file protein27.cif (mmCIF, C-alpha atoms and all ligand atoms)
data_final
loop_
_atom_site.label_atom_id
_atom_site.label_comp_id
_atom_site.auth_asym_id
_atom_site.auth_seq_id
_atom_site.Cartn_x
_atom_site.Cartn_y
_atom_site.Cartn_z
CA MET E 1 79.38 66.71 134.44
CA GLY E 2 79.00 70.41 134.10
CA ARG E 3 76.32 72.58 132.71
CA GLY E 4 75.97 70.74 129.38
CA PRO E 5 73.47 69.65 127.62
CA THR E 6 75.82 69.95 124.66
CA ALA E 7 74.31 66.83 123.13
CA ASP E 8 74.47 68.34 119.63
CA TYR E 9 78.02 69.41 120.14
CA TYR E 10 79.11 66.11 121.56
CA GLN E 11 77.45 64.31 118.72
CA VAL E 12 80.10 65.95 116.55
CA LEU E 13 82.99 64.80 118.73
CA ASN E 14 81.50 61.41 119.53
CA GLU E 15 81.07 60.56 115.90
CA ASP E 16 84.82 60.32 115.63
CA TYR E 17 86.47 60.01 119.02
CA VAL E 18 86.56 57.37 121.69
CA GLU E 19 84.31 58.84 124.37
CA GLY E 20 86.12 61.05 126.87
CA THR E 21 89.19 61.60 124.68
CA MET E 22 90.23 64.24 122.21
CA THR E 23 93.15 62.27 120.82
CA CYS E 24 91.93 58.74 120.21
CA LEU E 25 89.83 58.20 117.11
CA LYS E 26 87.50 55.22 117.16
CA PRO E 27 88.81 52.22 115.22
CA SER E 28 85.73 52.45 112.95
CA THR E 29 86.56 56.11 112.24
CA ILE E 30 90.21 55.29 111.59
CA LYS E 31 89.25 52.59 109.12
CA SER E 32 86.96 54.92 107.22
CA VAL E 33 88.97 58.16 107.16
CA ILE E 34 92.70 57.55 106.99
CA ASN E 35 94.26 58.25 103.63
CA THR E 36 97.65 58.94 102.09
CA GLN E 37 96.65 62.40 100.93
CA PHE E 38 96.62 64.22 104.23
CA PRO E 39 96.30 63.59 107.99
CA ASN E 40 92.89 63.84 109.70
CA ILE E 41 94.10 65.71 112.78
CA LEU E 42 96.64 68.49 112.76
CA ASN E 43 98.32 70.20 115.70
CA ILE E 44 99.83 73.59 115.02
CA GLU E 45 102.08 75.13 117.64
CA PRO E 46 101.88 78.94 117.38
CA THR E 47 104.60 79.21 120.01
CA ASN E 48 106.30 77.15 122.67
CA SER E 49 106.79 80.21 124.83
CA CYS E 50 104.84 80.05 128.09
CA ASN E 51 103.89 82.32 130.96
CA LEU E 52 103.96 79.54 133.58
CA LYS E 53 106.71 77.30 134.92
CA CYS E 54 104.95 74.00 135.46
CA ILE E 55 107.07 71.47 137.29
CA TYR E 56 105.69 68.61 135.17
CA CYS E 57 106.51 70.16 131.78
CA PRO E 58 109.79 69.42 129.90
CA ARG E 59 109.27 72.35 127.50
CA GLU E 60 112.35 74.32 128.52
CA ARG E 61 114.65 71.32 128.01
CA SER E 62 113.78 71.02 124.34
CA ASP E 63 116.57 71.46 121.77
CA LYS E 64 114.35 73.40 119.37
CA GLY E 65 114.59 76.63 121.41
CA VAL E 66 111.71 78.98 122.11
CA GLY E 67 110.06 80.80 119.24
CA PHE E 68 106.98 81.94 117.35
CA MET E 69 105.52 80.59 114.12
CA ASP E 70 105.96 82.89 111.18
CA TRP E 71 102.65 84.14 109.74
CA ASN E 72 103.51 83.18 106.14
CA LEU E 73 104.47 79.69 107.23
CA PHE E 74 101.20 79.41 109.13
CA THR E 75 99.04 80.50 106.19
CA ARG E 76 100.90 78.11 103.90
CA ILE E 77 100.05 75.21 106.23
CA VAL E 78 96.39 76.16 106.46
CA ASN E 79 96.12 76.82 102.73
CA GLU E 80 97.46 73.36 102.04
CA ALA E 81 95.08 71.78 104.57
CA SER E 82 92.16 73.50 102.86
CA GLU E 83 92.92 71.60 99.63
CA TYR E 84 92.09 68.24 101.24
CA SER E 85 89.16 66.69 103.12
CA LYS E 86 88.18 68.67 106.18
CA LEU E 87 90.28 67.85 109.22
CA ILE E 88 88.45 66.16 112.07
CA MET E 89 90.29 68.48 114.40
CA LEU E 90 92.77 71.32 114.25
CA ASN E 91 94.48 71.73 117.62
CA PHE E 92 96.14 75.07 118.23
CA HIS E 93 98.71 74.02 120.79
CA LYS E 94 101.67 71.86 121.51
CA ASP E 95 104.21 72.86 124.13
CA GLY E 96 103.51 76.54 124.80
CA GLU E 97 100.72 78.99 125.59
CA SER E 98 99.24 79.97 122.24
CA PHE E 99 97.76 83.29 123.38
CA ILE E 100 101.30 84.63 123.76
CA HIS E 101 101.67 84.62 119.97
CA PRO E 102 100.82 88.20 118.91
CA LYS E 103 98.76 86.96 115.95
CA PHE E 104 97.11 84.00 117.60
CA ILE E 105 93.52 85.22 117.26
CA ASP E 106 94.24 86.07 113.61
CA MET E 107 95.43 82.49 113.17
CA VAL E 108 92.14 81.15 114.50
CA ARG E 109 90.17 83.52 112.28
CA TYR E 110 92.19 82.52 109.25
CA ALA E 111 91.72 78.79 109.86
CA LYS E 112 88.02 79.35 110.47
CA LYS E 113 87.65 81.37 107.28
CA LYS E 114 89.36 78.61 105.34
CA ASP E 115 86.98 76.11 106.96
CA VAL E 116 89.74 73.53 107.38
CA ALA E 117 88.39 71.56 110.35
CA LYS E 118 85.18 70.21 111.81
CA THR E 119 86.44 71.38 115.20
CA ILE E 120 89.09 73.94 116.08
CA HIS E 121 90.30 73.25 119.59
CA MET E 122 93.00 74.53 121.91
CA ASN E 123 94.40 74.03 125.38
CA THR E 124 95.17 77.22 127.29
CA ASN E 125 96.10 78.24 130.79
CA ALA E 126 93.98 81.43 130.37
CA VAL E 127 96.60 83.40 132.31
CA CYS E 128 96.69 86.27 129.84
CA TRP E 129 92.92 86.53 129.24
CA THR E 130 91.57 90.05 129.60
CA ASP E 131 88.11 91.42 128.76
CA ARG E 132 89.41 92.42 125.33
CA ILE E 133 90.90 88.99 124.67
CA ILE E 134 87.70 87.32 125.88
CA ASP E 135 85.69 89.30 123.33
CA GLU E 136 88.17 88.35 120.63
CA ILE E 137 87.95 84.67 121.54
CA LEU E 138 84.17 84.78 121.40
CA ASP E 139 84.31 86.50 118.04
CA SER E 140 87.03 84.31 116.53
CA GLY E 141 84.89 81.26 115.78
CA ILE E 142 87.00 78.82 117.79
CA ASP E 143 84.85 75.77 118.60
CA ASP E 144 86.32 74.21 121.67
CA ILE E 145 88.64 75.24 124.51
CA THR E 146 90.22 73.28 127.32
CA VAL E 147 91.30 75.54 130.18
CA SER E 148 94.04 73.93 132.27
CA LEU E 149 93.42 75.23 135.78
CA ASP E 150 94.72 72.10 137.51
CA ALA E 151 93.99 73.26 141.04
CA ALA E 152 91.23 74.47 143.31
CA ARG E 153 93.61 75.95 145.86
CA SER E 154 96.17 78.72 145.36
CA GLY E 155 98.90 76.78 147.17
CA THR E 156 98.59 73.82 144.80
CA TYR E 157 98.53 76.08 141.76
CA LYS E 158 101.67 77.95 142.83
CA LYS E 159 103.49 74.75 143.73
CA HIS E 160 102.71 73.09 140.39
CA LYS E 161 102.82 76.06 138.06
CA GLY E 162 105.39 78.32 139.66
CA ILE E 163 103.26 81.49 139.69
CA ASP E 164 100.73 82.54 142.30
CA CYS E 165 97.80 83.63 140.14
CA LEU E 166 94.92 81.17 140.56
CA ASP E 167 92.48 83.78 141.91
CA LYS E 168 93.13 86.06 138.95
CA VAL E 169 92.78 83.25 136.41
CA GLU E 170 89.58 81.95 138.00
CA ASP E 171 88.13 85.44 137.86
CA GLN E 172 88.99 85.74 134.17
CA VAL E 173 87.49 82.37 133.32
CA ARG E 174 84.27 83.29 135.16
CA ARG E 175 84.13 86.56 133.23
CA PHE E 176 84.54 84.57 130.03
CA PHE E 177 81.47 82.42 130.78
CA LYS E 178 79.43 85.46 131.84
CA ARG E 179 80.32 87.32 128.67
CA ARG E 180 79.49 84.31 126.50
CA GLU E 181 76.13 84.03 128.20
CA LYS E 182 75.45 87.74 127.84
CA LEU E 183 76.14 87.50 124.13
CA GLY E 184 73.86 84.46 123.89
CA LEU E 185 76.60 82.26 122.45
CA GLN E 186 76.92 78.47 122.77
CA ARG E 187 80.45 78.31 121.42
CA PRO E 188 83.19 77.80 122.14
CA PHE E 189 82.37 74.73 124.18
CA THR E 190 84.70 75.21 127.16
CA ARG E 191 85.85 72.67 129.69
CA VAL E 192 87.99 73.29 132.76
CA LYS E 193 90.52 70.65 133.71
CA ILE E 194 92.30 69.41 136.80
CA MET E 195 94.99 66.73 136.81
CA GLU E 196 95.28 63.87 139.28
CA PHE E 197 98.61 64.57 140.96
CA ASP E 198 99.14 62.42 144.01
CA ASP E 199 99.53 65.57 146.11
CA VAL E 200 96.15 66.87 144.95
CA SER E 201 93.76 65.44 147.49
CA LYS E 202 90.32 63.99 146.73
CA GLU E 203 88.94 66.91 148.74
CA GLU E 204 90.61 69.41 146.43
CA VAL E 205 89.31 67.60 143.35
CA ASN E 206 85.81 67.75 144.86
CA GLU E 207 86.28 71.45 145.61
CA PHE E 208 87.26 71.93 141.98
CA ILE E 209 84.14 70.13 140.79
CA ASP E 210 81.94 72.20 143.10
CA LYS E 211 83.54 75.44 141.94
CA TRP E 212 83.03 74.79 138.28
CA LYS E 213 80.18 72.36 137.74
CA ASP E 214 77.57 75.09 137.35
CA VAL E 215 79.86 77.45 135.49
CA ALA E 216 81.81 75.52 132.86
CA ASP E 217 80.39 73.31 130.10
CA MET E 218 82.33 70.41 131.48
CA VAL E 219 84.69 69.60 134.34
CA GLN E 220 87.44 67.26 133.24
CA ILE E 221 89.70 65.23 135.50
CA THR E 222 92.71 63.72 133.79
CA GLY E 223 95.63 61.49 134.70
CA ILE E 224 99.30 62.43 134.59
CA HIS E 225 101.96 61.11 132.28
CA ASN E 226 105.69 61.74 132.57
CA TRP E 227 106.69 62.64 128.99
CA SER E 228 108.22 59.24 128.27
CA GLY E 229 110.20 59.22 131.49
CA GLU E 230 111.57 62.76 131.15
CA ILE E 231 109.85 63.99 134.32
CA ASN E 232 110.84 61.41 136.86
CA ASN E 233 109.58 62.78 140.14
CA ILE E 234 105.86 62.47 139.55
CA LYS E 235 103.50 59.56 140.00
CA VAL E 236 101.98 58.52 136.69
CA THR E 237 98.20 58.28 136.96
CA ASP E 238 97.24 58.14 133.30
CA GLU E 239 95.69 54.92 132.12
CA THR E 240 97.17 52.71 129.47
CA SER E 241 96.59 49.27 128.08
CA GLN E 242 98.62 46.52 129.76
CA VAL E 243 99.19 44.83 126.41
CA ARG E 244 101.19 46.91 123.98
CA TYR E 245 100.29 47.11 120.32
CA PRO E 246 101.01 49.68 117.58
CA CYS E 247 100.23 53.29 118.42
CA VAL E 248 97.91 54.26 115.62
CA ILE E 249 98.26 58.03 115.94
CA MET E 250 100.90 57.98 113.18
CA TRP E 251 98.19 56.93 110.74
CA TYR E 252 95.96 59.94 111.31
CA ALA E 253 97.76 62.89 112.94
CA LEU E 254 100.68 65.25 112.46
CA VAL E 255 102.16 68.02 114.58
CA VAL E 256 103.73 71.16 113.15
CA ASN E 257 106.08 72.80 115.63
CA TRP E 258 106.53 76.59 115.68
CA ASN E 259 109.76 76.34 113.66
CA GLY E 260 108.19 74.23 110.91
CA GLU E 261 109.55 70.88 112.07
CA VAL E 262 106.94 68.16 111.80
CA THR E 263 106.57 65.38 114.34
CA VAL E 264 104.11 62.54 114.76
CA CYS E 265 102.60 63.36 118.13
CA SER E 266 102.48 65.88 120.96
CA VAL E 267 104.21 63.60 123.45
CA ASP E 268 107.40 64.07 121.43
CA TRP E 269 108.48 67.14 123.41
CA ASN E 270 112.05 67.13 122.04
CA THR E 271 111.08 66.48 118.40
CA GLU E 272 112.89 63.14 118.31
CA ILE E 273 110.70 61.68 115.54
CA LYS E 274 111.21 64.48 113.04
CA VAL E 275 109.49 63.36 109.86
CA GLY E 276 109.86 66.55 107.85
CA ASP E 277 109.88 70.33 107.75
CA VAL E 278 107.16 72.52 106.25
CA LYS E 279 109.71 75.22 105.45
CA SER E 280 110.90 73.06 102.58
CA GLN E 281 108.21 70.39 102.10
CA THR E 282 104.45 70.17 101.83
CA LEU E 283 102.53 68.28 104.50
CA HIS E 284 101.36 65.91 101.78
CA GLN E 285 104.99 65.07 100.99
CA ILE E 286 105.77 64.60 104.67
CA TRP E 287 102.70 62.39 105.12
CA ASN E 288 104.18 60.05 102.48
CA SER E 289 107.85 60.45 103.37
CA HIS E 290 110.32 57.69 103.97
CA LYS E 291 110.79 58.95 107.54
CA ILE E 292 107.16 58.67 108.58
CA LYS E 293 106.87 55.27 106.90
CA GLU E 294 109.88 54.10 108.90
CA ALA E 295 108.22 55.31 112.10
CA ARG E 296 104.95 53.51 111.25
CA LYS E 297 106.87 50.36 110.34
CA SER E 298 108.65 50.41 113.71
CA GLN E 299 105.24 50.31 115.38
CA LEU E 300 103.92 47.51 113.16
CA GLU E 301 107.06 45.46 113.85
CA LYS E 302 106.75 46.23 117.58
CA ARG E 303 110.20 47.81 117.64
CA TYR E 304 109.02 50.40 120.17
CA ASP E 305 112.58 51.11 121.25
CA LYS E 306 113.50 52.53 117.84
CA TYR E 307 112.62 55.92 119.37
CA SER E 308 113.14 56.56 123.06
CA VAL E 309 110.02 58.71 123.19
CA CYS E 310 107.91 55.71 122.05
CA LYS E 311 109.79 53.19 124.15
CA ASP E 312 108.86 54.79 127.44
CA CYS E 313 105.54 56.31 126.34
CA ILE E 314 102.53 55.37 128.45
CA VAL E 315 99.97 57.43 126.55
CA TRP E 316 100.31 55.68 123.23
CA VAL E 317 97.00 55.51 121.40
CA SER E 318 95.46 52.25 122.61
CA VAL E 319 92.04 52.08 121.00
CA GLY E 320 91.95 48.36 120.30
CA ASP E 321 94.45 46.29 118.42
CA ILE E 322 93.95 46.81 114.69
CA THR E 323 97.45 45.69 113.68
CA ASP E 324 96.21 43.14 111.13
CA TRP E 325 94.20 45.82 109.37
CA LEU E 326 97.08 48.32 109.50
CA ILE E 327 99.44 45.76 107.95
CA GLN E 328 97.08 45.51 104.99
CA GLN E 329 97.36 49.29 104.39
CA LYS E 330 100.74 48.86 102.73
CA GLU E 331 100.86 52.33 101.17
CA PHE E 332 101.32 53.78 104.67
CA TYR E 333 104.62 52.05 105.35
CA LEU E 334 106.13 50.65 102.12
S1 LIG E 401 103.97 55.70 121.25
FE1 LIG E 401 103.73 57.68 122.37
S2 LIG E 401 105.49 58.89 121.66
FE2 LIG E 401 105.25 57.21 120.19
S3 LIG E 401 103.91 58.02 118.56
FE3 LIG E 401 102.56 57.02 120.06
S4 LIG E 401 101.92 58.67 121.46
FE4 LIG E 401 103.73 59.39 120.37
#
call {"tool": "encode", "arguments": {"input": "protein27.cif", "output": "structure tokens"}}
result
Amino acid sequence: MGRGPTADYYQVLNEDYVEGTMTCLKPSTIKSVINTQFPNILNIEPTNSCNLKCIYCPRERSDKGVGFMDWNLFTRIVNEASEYSKLIMLNFHKDGESFIHPKFIDMVRYAKKKDVAKTIHMNTNAVCWTDRIIDEILDSGIDDITVSLDAARSGTYKKHKGIDCLDKVEDQVRRFFKRREKLGLQRPFTRVKIMEFDDVSKEEVNEFIDKWKDVADMVQITGIHNWSGEINNIKVTDETSQVRYPCVIMWYALVVNWNGEVTVCSVDWNTEIKVGDVKSQTLHQIWNSHKIKEARKSQLEKRYDKYSVCKDCIVWVSVGDITDWLIQQKEFYL
């Protein structure tokens, strides 16, 4: 839903992703792109600092502390990525609000200039958008933005996010779309998102759709997960397969945290599955390290309890069981 057409744009995403997701590659894509040189999707966390206090986010409990990625470390990561096949996606987020990083727009520009990814995407809460930042976003070359609004009513927003600023954020996001239109731009493709908390009524979700369907490129409604059991007072509404099989994300994605620590997925909020550190290793080395092979092997052997974050994960990448094929790709785990 939304203003779309966006058929050309979605052709790009749909070539690679299971429809409706921006995490799950199609099994046919996985089989044709994965390689031991470099991952196909990279998440870079400019910062895990945030300007909201969402009740469903475990960010502040993380042992890694709050910080900002060093510019030289960032350019080293992107320079290395540019030596390999183009990433399917570069995601500029993990646990924080990326716009808080003082050089965030420069990071986007740098990655764009290096042409490292088919799509550069980010999640943002848009809280700190101003007219100047909006112009910078539109000029930066970023391809795709998900704006997490997560409410149609101020009371819901304040209750879930700790700050009473929905009206202000909505105004900024509207200004963003107006400015993009005035400049005659199609990019970045920008969706607004609401999550299905059990205390968000169907009426509020419908209000959200009505508010945004003629403004945003897409209105997205997503389920909730509980960060592998870390947030225990919310009702999980995300979907998952009833039959568990290996989570294939470890075969195509890596996450670089602000401090250089590398993990296998964004669900790993406390960096439990640390497979390397870009301060002392290349991503290519990490992609072939003993640690990541051990993690992949634990999935193939269905030892999901090797890591607590995997054991209780309900958003593991369930795109169809390709275990037999993965077992044949011995170089990924031996
Ligand atoms: S099972 Fe969950 S926590 Fe483990 S790698 Fe997959 S997505 Fe991440």
call {"tool": "residues_near_point", "arguments": {"input": "protein27.cif", "point": "(110.4, 82.1, 119.9)", "cutoff": "8 Å", "atoms": "all atoms listed in the file", "output": "JSON, numbers by chain"}}
result
{"E": [47, 48, 49, 65, 66, 67, 68, 69, 258]}
call {"tool": "write_last_selection", "arguments": {"input": "protein27.cif", "atoms": "C-alpha atoms", "output": "mmCIF file, in the coordinates of the input"}}
result
data_model
loop_
_atom_site.group_PDB
_atom_site.id
_atom_site.type_symbol
_atom_site.label_atom_id
_atom_site.label_comp_id
_atom_site.auth_asym_id
_atom_site.auth_seq_id
_atom_site.Cartn_x
_atom_site.Cartn_y
_atom_site.Cartn_z
ATOM 1 C CA THR E 47 104.600 79.210 120.010
ATOM 2 C CA ASN E 48 106.300 77.150 122.670
ATOM 3 C CA SER E 49 106.790 80.210 124.830
ATOM 4 C CA GLY E 65 114.590 76.630 121.410
ATOM 5 C CA VAL E 66 111.710 78.980 122.110
ATOM 6 C CA GLY E 67 110.060 80.800 119.240
ATOM 7 C CA PHE E 68 106.980 81.940 117.350
ATOM 8 C CA MET E 69 105.520 80.590 114.120
ATOM 9 C CA TRP E 258 106.530 76.590 115.680
#
call {"tool": "residues_near_ligand", "arguments": {"input": "protein27.cif", "ligand": "ligand LIG 401 (chain E)", "cutoff": "9 Å", "atoms": "all atoms listed in the file", "output": "PyMOL selection string"}}
result
chain E and resi 227-228+246-250+263-269+273+295-296+299+304+307-318
call {"tool": "closest_residue", "arguments": {"input": "protein27.cif", "among": "E:Ile209, E:Ile100, E:Ala111, E:Ile120", "to": "E:Ile133", "atoms": "all atoms listed in the file"}}
result
E:Ile100
call {"tool": "atom_distance", "arguments": {"input": "protein27.cif", "atom1": "atom CA of E:Ser280", "atom2": "atom CA of E:Asp115"}}
result
24.5 Å
call {"tool": "residues_around", "arguments": {"input": "protein27.cif", "residues": "E:His160", "least_positions_apart": "6", "cutoff": "10 Å", "atoms": "only C-alpha atoms", "output": "list in words"}}
result
Leu52, Lys53, Cys54, Ile55, Tyr56, Cys57, Asp150, Ala151, Ser154, Phe197 and Asp199 of chain E
call {"tool": "closest_residue", "arguments": {"input": "protein27.cif", "among": "E:Ala81, E:Leu183, E:Val262, E:Leu42", "to": "E:His121", "atoms": "only C-alpha atoms"}}
result
E:Leu42
call {"tool": "atom_distance", "arguments": {"input": "protein27.cif", "atom1": "atom CA of E:Asn91", "atom2": "atom CA of E:Asp16"}}
result
15.1 Å
call {"tool": "residues_near_point", "arguments": {"input": "protein27.cif", "point": "(81.7, 83.9, 129.0)", "cutoff": "10 Å", "atoms": "all atoms listed in the file", "output": "PyMOL selection string"}}
result
chain E and resi 131+134-135+137-138+172-188+190+215-216
call {"tool": "closest_residue", "arguments": {"input": "protein27.cif", "among": "E:Leu300, E:Val127, E:Ile231, E:Glu60", "to": "E:Asp321", "atoms": "all atoms listed in the file"}}
result
E:Leu300
call {"tool": "atom_distance", "arguments": {"input": "protein27.cif", "atom1": "atom CA of E:Thr156", "atom2": "atom CA of E:Phe92"}}
result
26.7 Å
call {"tool": "residues_around", "arguments": {"input": "protein27.cif", "residues": "stretch 146-148 of chain E", "least_positions_apart": "5", "cutoff": "7 Å", "atoms": "all atoms listed in the file", "output": "list in words"}}
result
Met122, Asn123, Thr124, Asn125, Ala126, Thr190, Arg191, Val192, Lys193 and Ile194 of chain E
call {"tool": "residues_around", "arguments": {"input": "protein27.cif", "residues": "E:Ala117", "least_positions_apart": "3", "cutoff": "6 Å", "atoms": "all atoms listed in the file", "output": "PyMOL selection string"}}
result
chain E and resi 86-90
call {"tool": "closest_residue", "arguments": {"input": "protein27.cif", "among": "E:Gly141, E:Asp217, E:Ala253, E:Glu170", "to": "E:Val33", "atoms": "all atoms listed in the file"}}
result
E:Ala253
call {"tool": "decode", "arguments": {"input": "protein27.cif", "residues": "stretch 202-230 of chain E", "atoms": "N, CA and C atoms", "output": "short mmCIF file (atom, residue, chain, number, x, y, z; two decimals), in the first residue's frame"}}
result
data_model
loop_
_atom_site.label_atom_id
_atom_site.label_comp_id
_atom_site.auth_asym_id
_atom_site.auth_seq_id
_atom_site.Cartn_x
_atom_site.Cartn_y
_atom_site.Cartn_z
N LYS E 202 -6.61 -2.15 16.53
CA LYS E 202 -6.81 -2.19 15.07
C LYS E 202 -7.19 -0.81 14.55
N GLU E 203 -7.96 -0.08 15.38
CA GLU E 203 -8.39 1.27 14.97
C GLU E 203 -7.17 2.18 14.79
N GLU E 204 -6.22 2.05 15.73
CA GLU E 204 -5.03 2.91 15.61
C GLU E 204 -4.21 2.52 14.38
N VAL E 205 -4.10 1.23 14.12
CA VAL E 205 -3.37 0.81 12.92
C VAL E 205 -4.06 1.38 11.68
N ASN E 206 -5.38 1.34 11.65
CA ASN E 206 -6.10 1.89 10.50
C ASN E 206 -5.91 3.40 10.39
N GLU E 207 -5.88 4.06 11.56
CA GLU E 207 -5.60 5.51 11.54
C GLU E 207 -4.22 5.77 10.94
N PHE E 208 -3.28 4.93 11.32
CA PHE E 208 -1.91 5.08 10.81
C PHE E 208 -1.89 4.93 9.28
N ILE E 209 -2.60 3.91 8.82
CA ILE E 209 -2.65 3.68 7.37
C ILE E 209 -3.27 4.89 6.68
N ASP E 210 -4.37 5.38 7.23
CA ASP E 210 -5.05 6.54 6.61
C ASP E 210 -4.17 7.78 6.59
N LYS E 211 -3.41 7.95 7.68
CA LYS E 211 -2.53 9.13 7.76
C LYS E 211 -1.46 9.12 6.69
N TRP E 212 -0.95 7.93 6.40
CA TRP E 212 0.28 7.88 5.60
C TRP E 212 0.13 7.30 4.21
N LYS E 213 -1.01 6.70 3.91
CA LYS E 213 -1.08 5.95 2.64
C LYS E 213 -0.92 6.84 1.40
N ASP E 214 -1.29 8.10 1.51
CA ASP E 214 -1.12 8.98 0.35
C ASP E 214 0.09 9.89 0.48
N VAL E 215 0.89 9.62 1.49
CA VAL E 215 2.06 10.46 1.73
C VAL E 215 3.35 9.66 1.51
N ALA E 216 3.44 8.53 2.19
CA ALA E 216 4.67 7.72 2.13
C ALA E 216 4.67 6.81 0.90
N ASP E 217 5.83 6.27 0.57
CA ASP E 217 5.91 5.32 -0.54
C ASP E 217 5.28 3.99 -0.16
N MET E 218 5.31 3.72 1.13
CA MET E 218 4.77 2.44 1.58
C MET E 218 4.45 2.55 3.08
N VAL E 219 3.38 1.90 3.48
CA VAL E 219 3.06 1.79 4.91
C VAL E 219 3.33 0.35 5.30
N GLN E 220 4.17 0.18 6.29
CA GLN E 220 4.56 -1.18 6.67
C GLN E 220 4.07 -1.49 8.08
N ILE E 221 3.48 -2.66 8.22
CA ILE E 221 3.02 -3.10 9.55
C ILE E 221 3.81 -4.35 9.89
N THR E 222 4.53 -4.30 11.00
CA THR E 222 5.38 -5.45 11.33
C THR E 222 5.02 -6.03 12.69
N GLY E 223 5.43 -7.29 12.88
CA GLY E 223 5.23 -7.95 14.17
C GLY E 223 6.31 -7.54 15.17
N ILE E 224 6.18 -8.05 16.36
CA ILE E 224 7.11 -7.74 17.45
C ILE E 224 7.89 -9.00 17.81
N HIS E 225 9.17 -8.85 18.06
CA HIS E 225 9.89 -9.96 18.68
C HIS E 225 10.46 -9.47 20.00
N ASN E 226 11.00 -10.38 20.80
CA ASN E 226 11.37 -9.98 22.17
C ASN E 226 12.87 -10.11 22.44
N TRP E 227 13.68 -9.98 21.37
CA TRP E 227 15.13 -10.00 21.52
C TRP E 227 15.57 -11.26 22.27
N SER E 228 15.15 -12.39 21.74
CA SER E 228 15.52 -13.70 22.30
C SER E 228 15.18 -13.81 23.78
N GLY E 229 14.02 -13.31 24.13
CA GLY E 229 13.54 -13.45 25.50
C GLY E 229 14.00 -12.34 26.44
N GLU E 230 14.81 -11.41 25.96
CA GLU E 230 15.33 -10.36 26.84
C GLU E 230 14.24 -9.41 27.31
#
